[in-house]
Every structure is written in C-alpha cells, then in structure tokens.
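Here is the structure we will look at.
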Amino acid sequence: MSKKSETRLEDAPSSRSKAPAKGAWRVMDRGSALAAGLLAHRISSLAWRAATGKKPPTTGRHPDVSTREAVAWAVIGGATIELVKVAVRRGTATYWVKSTGNLPPGMKPLADEPGHAQHGKKMEPIPTESAPKRAVRKLSLRSRGR
C-alpha cells in the first residue's frame, strides 16, 4: 500500500464511529423489552396466585370465568406487566448511562423540556455531533417529477 493511500485512510473521518454504540443500544433495548415481557408474565401469574390463591384465568371469554374475575385478571396482569417493563427498561437505560457516561442514542435530556427544572443544578451540555449536510439540488418547475 502506498503512503498516499495510507494517509487517506487514516485521515478520513470514520462514519462508523457512532454506529456500534447505536447498534449496541438497539440490541440492549430490544433484549430488555423481550426479557421484561417474559418476566412480566411470570410475575403477573405469581401476583394473581398470591391475591386469589387460584391459577390465573387462561382466557376471559370462557363462560366459567366470572366477569369480575376476568376484569380483575386484566387489571392485575396489565398493571404488573407495565410495571415490570418500566423497571427493566429503566434499569437498562441507567446501566447504559453509568457505562458510557451519555444518554442512550436517540434519548434527549429532560432539562430542555418546560416544567422539568433541575432545582438550581446547572447541567453540562451533552456534546453531540451534527449529521453531515447533504447538497440539495434545486429543480425547476418544468423538471420536477420527470
């Protein structure tokens, strides 16, 4: 390889520098959502057994299941599932912040939103890289759509 081509490869800005972090976050986020879904079903079944002493209903349409029992299962199951999902996904985001020192890709700080004052705490701005601007080709009225 010539010296000229080596310097070009080294000096070229790496477009993949942020890609691994974004891909890693996607895997972690989707994996945590999947784990939360599986874990939530088991926890909601345990919560139902603790509350009623019976197995949870498999379907709310069965005639032997009372309306009151079907509604109670929906409330307990739904609330438990959402609580577990929030806890697991927040834990994943917290782990990401502790590991990298930055918010996960695509997540913006809440300090920018109105009503989220930090009670006198001054936050440092998070450095972000803007996407490279593309050249926009202007088209005449006659050439549009052709």
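By convention here, the chains of the structure tokens are called A, B, ... in the order presented, each chain's residues are numbered starting at 1, and ligands are numbered starting at 1 in the order presented.
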Test item: residues at most 8 Å from region 52-62 of chain A, only C-alpha atoms, excluding those fewer than 6 positions along its chain, as a ChimeraX atom specification: /A:45,70-71,73
Using C-alpha atoms, can you write the selected residues to a file as a compact mmCIF listing (two decimals), in the first residue's frame?
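Produced file part36.txt, reproduced below:
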# COMPACT_ATOMS: atom_id res chain seq x y z
CA SER A 45 -49.20 -15.07 37.38
CA ALA A 70 -61.79 -11.61 34.15
CA VAL A 71 -61.68 -7.85 34.79
CA TRP A 73 -57.12 -10.50 35.96
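You can rank A:Ile43, A:Ala51, A:Val75, A:Ala93 by their closest distance to Met107 (chain A) using only C-alpha atoms, and at the top of that list sits A:Ala93.
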message: Which residues are close to Thr94 (chain A), i.e. within 12 Å by only C-alpha atoms, leaving aside same-chain residues fewer than 5 positions away? Reply as a ChimeraX atom specification.
response: /A:25,28-29,86-89,99-104
Grab the residues selected above and save them as a PDB file, in the first residue's frame with N, CA and C atoms.
ATOM      1  N   TRP A  25     -26.979  -0.221  21.622  1.00  0.00           N
ATOM      2  CA  TRP A  25     -28.154   0.232  22.375  1.00  0.00           C
ATOM      3  C   TRP A  25     -29.418  -0.447  21.857  1.00  0.00           C
ATOM      4  N   MET A  28     -29.498  -3.937  23.255  1.00  0.00           N
ATOM      5  CA  MET A  28     -29.803  -3.909  24.689  1.00  0.00           C
ATOM      6  C   MET A  28     -31.265  -3.542  24.944  1.00  0.00           C
ATOM      7  N   ASP A  29     -31.780  -2.552  24.218  1.00  0.00           N
ATOM      8  CA  ASP A  29     -33.151  -2.099  24.426  1.00  0.00           C
ATOM      9  C   ASP A  29     -34.158  -3.179  24.033  1.00  0.00           C
ATOM     10  N   VAL A  86     -41.385  -1.233  32.665  1.00  0.00           N
ATOM     11  CA  VAL A  86     -40.774   0.054  33.001  1.00  0.00           C
ATOM     12  C   VAL A  86     -39.523  -0.155  33.841  1.00  0.00           C
ATOM     13  N   ALA A  87     -39.598  -1.016  34.839  1.00  0.00           N
ATOM     14  CA  ALA A  87     -38.456  -1.248  35.724  1.00  0.00           C
ATOM     15  C   ALA A  87     -37.268  -1.819  34.958  1.00  0.00           C
ATOM     16  N   VAL A  88     -37.491  -2.807  34.102  1.00  0.00           N
ATOM     17  CA  VAL A  88     -36.393  -3.443  33.369  1.00  0.00           C
ATOM     18  C   VAL A  88     -35.798  -2.481  32.350  1.00  0.00           C
ATOM     19  N   ARG A  89     -36.635  -1.766  31.605  1.00  0.00           N
ATOM     20  CA  ARG A  89     -36.117  -0.869  30.582  1.00  0.00           C
ATOM     21  C   ARG A  89     -35.422   0.349  31.187  1.00  0.00           C
ATOM     22  N   SER A  99     -22.370   3.170  32.204  1.00  0.00           N
ATOM     23  CA  SER A  99     -21.283   2.559  31.438  1.00  0.00           C
ATOM     24  C   SER A  99     -20.626   3.541  30.473  1.00  0.00           C
ATOM     25  N   THR A 100     -21.441   4.350  29.802  1.00  0.00           N
ATOM     26  CA  THR A 100     -20.907   5.219  28.759  1.00  0.00           C
ATOM     27  C   THR A 100     -20.763   6.669  29.193  1.00  0.00           C
ATOM     28  N   GLY A 101     -21.525   7.091  30.175  1.00  0.00           N
ATOM     29  CA  GLY A 101     -21.496   8.491  30.589  1.00  0.00           C
ATOM     30  C   GLY A 101     -22.413   9.369  29.764  1.00  0.00           C
ATOM     31  N   ASN A 102     -23.110   8.808  28.796  1.00  0.00           N
ATOM     32  CA  ASN A 102     -24.032   9.555  27.934  1.00  0.00           C
ATOM     33  C   ASN A 102     -25.392   8.895  27.951  1.00  0.00           C
ATOM     34  N   LEU A 103     -26.404   9.657  27.556  1.00  0.00           N
ATOM     35  CA  LEU A 103     -27.727   9.076  27.386  1.00  0.00           C
ATOM     36  C   LEU A 103     -27.698   8.106  26.212  1.00  0.00           C
ATOM     37  N   PRO A 104     -28.609   7.133  26.200  1.00  0.00           N
ATOM     38  CA  PRO A 104     -28.673   6.225  25.048  1.00  0.00           C
ATOM     39  C   PRO A 104     -28.950   6.997  23.762  1.00  0.00           C
TER      40      PRO A 104
END
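Remark: for Gly37 (chain A), the closest of the candidate residues A:Ile81, A:Ala21, A:Ala50, A:Ala74 is A:Ile81 (distances computed over only C-alpha atoms).
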